[in-house]
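Written below as structure tokens is the structure these notes are about.
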Amino acid sequence: MSGRLERTRRETLGLALVAGLVVLLGGGTMSRSAMGQDASASNAAPEAILPPSDPVAAAAFNVLDRHCARCHQQGKLINRERPAKNFGNILKLDQIAANPSYVLPGNPLGSKLFRQIADKEMPYDVNYEGETRYGTLSEADLKALETWIAALGSKAVASCESHKLITPETMVGFMVADLDKQLAPRRATTRYLTLTHLANTCADPAAMKVYRQGAIKLLNSLSRSSNVVKLETVDPEATILRFNLADLGWTAADWSDLLAVYPYNVQPDARINGAVSGATQTPLAYIRADWFAFAASQPPLYDALLRLPPTFQALARDQGVNVESNIRNFVAQRAGFQKSGVSQNNRLIERHPSRSGYFWTSYDFAGNRDRQNLFAFPLGPDGNGFHHDGGETVFSLPNGFQGYYLNKASGERLDKGPTTIVRDASRKDFAVTNGISCMGCHDQGMRKAKDDIRDSVLATRSFPRETREAVDGLYPPHDKMDAVIDGDARRFADAMARAGLDPTLKLNGVETINALFKRYEDDLDLTLAAAELGVDTKGFKEASTDATRKTKPLVRRLQQGSVPRDQFEVMFRELASEMTDLQPVLIANARQPQAFAETLAQPISTTDLSLTSDADTYRQGDSPVFTIVAPRDCFLTLTDVDEKGEGTVLLPNKYQQDNRIRAGVPIQFPGTGAPFQFQMKDRGIETVVAVCAVRSDGGDAIRHDFSRNAFTPVGDYTQALSRSIAVIPAPAGAPASSGVATAGVPVSSGPLMPASSAVRGSFRAAIKLRVR
């Protein structure tokens, strides 16, 4: 049987050539505006978050409420304005249970929500910042989370089978019909952003509304034109958004820059796609909105599409701003303060009028001493004033939206701000990333700021008269500064309204572009992977039987759990070629996804341990083979846990005590020629857990005595896991061991990589197996 999906029945499109376009006949969809649909409803009052009635779910809810909600539940945040890591719905159990980036139903030990606790990555404030008042999770807490996730596997998952799959052919057909309705001179510059694959997973309607608005907001935030791109969709489910390059001030070359790094450049039947490409004069007239939100909201694409110059000085000139003259003539208006939501030290913001409206820039500091102390040196920047270390700029775009810029004190442009100066807790690496970080912070335009400098300086005569007069001129009273900021915020809100967008709309406390960014960045399961290939899960499973050696490991991971986005992105074209009838689109100067990913300011994934087996179901007496790939050098512990929670350590064992493995090298267990046999003994569900520790004494703190047991028993695995959380300290650096053998596979000698400060003692993966 061929693994390729044979399209035995195609949608009847009723194709007819009209003015060089293929047009849908009979029941075609009217092009319509989604403005009324999306802009009419603003955020409702915060909803009450109540525990579930089911006692198992309620127990898990209570654990998450006590230990996680303060950082990850909108409405319950403590000492933060936005949810950490853009994850703000941890108490909405139905939602997180449906997200494979957090929970794998039925597989607690493989679920990121559970394993990040087990690996001492969460709670972050307790494990990394030394916060003690909230306490650590107990064995009972772990058990409650484990029981809830395990129970999800036995419950019926919300079905998406009633939703009619929107095939790639149908999606392109909607574009064909829409193009026929456009004015002939505008067809060549018409383009589309698609969310169709998310609709095919039955994404929540409220989330889809946020994603639509996020996509259009980003387009407007990348505009070089005074025009506003309105929110318009062209299909019944509002998954295809139309825009025009001319309305953004973009050229065909700007679109080509996107296509050159687009990893999903495949198309359905060449005839219908040819009608679209012929009318739009581009090989591919549509890209996915979620990828666009991820790639174009950060450097290098963000800089390129907005044509940001290489220095702050050049940016100011482009915006018609003379910073030095404005400061000298008291045109600039300032506010300084000790604490802000982004800076680690005192900070100064400064407003200038610009060609398009306003130009706000900040002076950020690596410390608070000497010339870095604004309260001692409120004037500058110059030899006699304060000495800053960098800055961030928010400036009006011609259409009323906002552009962003990061720079060193010298003016040199930065992709990311140093975390010693500024931090963004919503990003994985905490770095303020130009574009996306600023969009999340300034979701409603300019933010209010209360100046602390004016009153501090004017209340004392310790400063010279000239300094006090200058401060009086540069630092306006609170009411005046509030009025200025309110006016700038209204300009942004008005631009949002003209685009058909709601400036207050969020998804679980996360700004719309950031929400769509995160949707792309999250891990994928089989359902989402199938949808991105334009097929359903049944079709994916049928097609995957003939996966090649190159794609099979990824397919196995999807079948047994989830995979990081970057790994799926790199393999997408191979998967599409093997498993569907989609055809590659030849793009001039196209780059491979790997090459582009290396230039992104924000990495997609951190550490990811891959564990797969050669089958999902075994018979008693079968000998499974496991494949493990670690992202870095580490010490591997492989444990089999039965339905009673009792474990048996498979590796290390009496015969293979050296469990050191190398980064990126696939390891099979048992390896060829292993001095023992491993067979499935009892019927039921088994969980196999792989733990890679950066220390030789890691691996859940399990102690071995091979003089007594060839394979170490673990009476209660969850209990052992709970103890290990309490006793394993954070790694101080590279392990001292210099062993040179893995689980039966020789590797080259050399020191292990030092432990990352972003990862504690270990990281893990787990899969579920059935024994009949």
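Letters for chains follow the order of the structure tokens (A, B, ...), residue numbers begin at 1 for each chain, and ligand numbers begin at 1 in the order shown.
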
Pick out the residues sitting within 10 Å of A:Thr527, and hand them over as a list in words; count only C-alpha atoms, and ignore anything fewer than 5 positions along from it in its own chain. Pro100, Cys160, Asn200, Thr201, Glu532, Val535, Asp536, Thr537, Lys538, Phe540, Leu558, Gln559 and Ser562 of chain A

Give the alpha helix (DSSP H) residues of stretch 436-620 of chain A, as DSSP finds them on the backbone, and put them as a PyMOL selection string. chain A and resi 436-441+453-458+465-474+478-498+512-521+526-532+537-543+552-560+565-579+593-597

So that I can see what lies close to stretch 391-395 of chain A, please list as a VMD selection string the residues with an atom at most 6 Å from it, counting only C-alpha atoms and leaving out residues fewer than 2 positions away in the same chain. chain A and resid 358 to 364 402 to 407

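For the choices A:Asp523, A:Glu350, A:Asp640, A:Asp389, the atom-to-atom distance to A:Asn99 is smallest for A:Asp523 when using only C-alpha atoms.
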
Compile the contact shell of A:Gly621 as a VMD selection string: residues with an atom at most 7 Å away, counting only C-alpha atoms, same-chain residues fewer than 5 positions apart removed. chain A and resid 679 to 681

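For stretch 355-411 of chain A, backbone-based DSSP labels the following residues as strand (DSSP E or B): Gly357, Tyr358, Phe359, Trp360, Thr361, Ser362, Tyr363, Asp364, Gly390, Gly391, Glu392, Thr393, Val394, Phe395, Ser396, Gln402, Gly403, Tyr404, Tyr405, Leu406, Asn407 and Lys408 of chain A.
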
Residues within 7 Å of A:Ala293, please, as a PyMOL selection string. Count only C-alpha atoms; anything in the same chain fewer than 2 positions from it doesn't count. chain A and resi 215+218+289-291+295-297+513+516-517

d(atom CA of A:Arg191, atom CA of A:Ala285) in Å: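 Here the two named atoms are 5.2 Å from each other.
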
Any idea what the distance is between atom CA of A:Thr136 and atom CA of A:Ala118?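 Between these atoms lies a distance of 11.2 Å.
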
Hey, what's within 12 Å of A:Phe375 if we count only C-alpha atoms and toss same-chain stuff fewer than 6 positions away? As a PyMOL selection string, please? chain A and resi 335-338+345-348+368-369+385-386+451-458+460+462-463+467+471

With distances taken over only C-alpha atoms, which residue among A:Gly473, A:Gly500, A:Pro713, A:Gly274 lies nearest A:Val229?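 Of A:Gly473, A:Gly500, A:Pro713, A:Gly274, the one nearest A:Val229, counting only C-alpha atoms, is A:Gly500.
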
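The neighbours of A:Leu137 here are the residues that come within 9 Å of it, using only C-alpha atoms and leaving out any residue fewer than 3 positions away in the same chain; they are A:Val63, A:His67, A:Ile117, A:Pro123, A:Ala140, A:Asp141, A:Leu142, A:Ser722, A:Ile725.
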
For stretch 367-412 of chain A against stretch 474-484 of chain A, with a cut-off of 12 Å and counting only C-alpha atoms, what is the closest atom pair and its distance in Å to one decimal for every residue that makes the cut, ordered by chain and number, as a Markdown table?
```
| residue | atom | partner | partner_atom | distance |
| --- | --- | --- | --- | --- |
| A:Pro378 | CA | A:Tyr475 | CA | 9.5 |
| A:Leu379 | CA | A:Leu474 | CA | 9.0 |
| A:Gly380 | CA | A:Leu474 | CA | 11.0 |
```

Pick from A:Ala376, A:Leu636, A:Val694, A:Val210: nearest to A:Gln668, with only C-alpha atoms counted? A:Leu636

When you count only C-alpha atoms, which of these residues is closest to A:Gln74: A:Leu721, A:Leu507, A:Ala332, A:Ile702?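 Residue with the minimum atom-to-atom distance to A:Gln74: A:Leu507.
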
Residue nearest A:Lys450 - candidates A:Pro283, A:Leu528, A:Ile349, A:Ala515, atoms counted: only C-alpha atoms: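 Closest residue, counting only C-alpha atoms: A:Ile349.
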
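Straight-line separation from atom CA of A:Glu324 to atom CA of A:Asp370: 22.8 Å.
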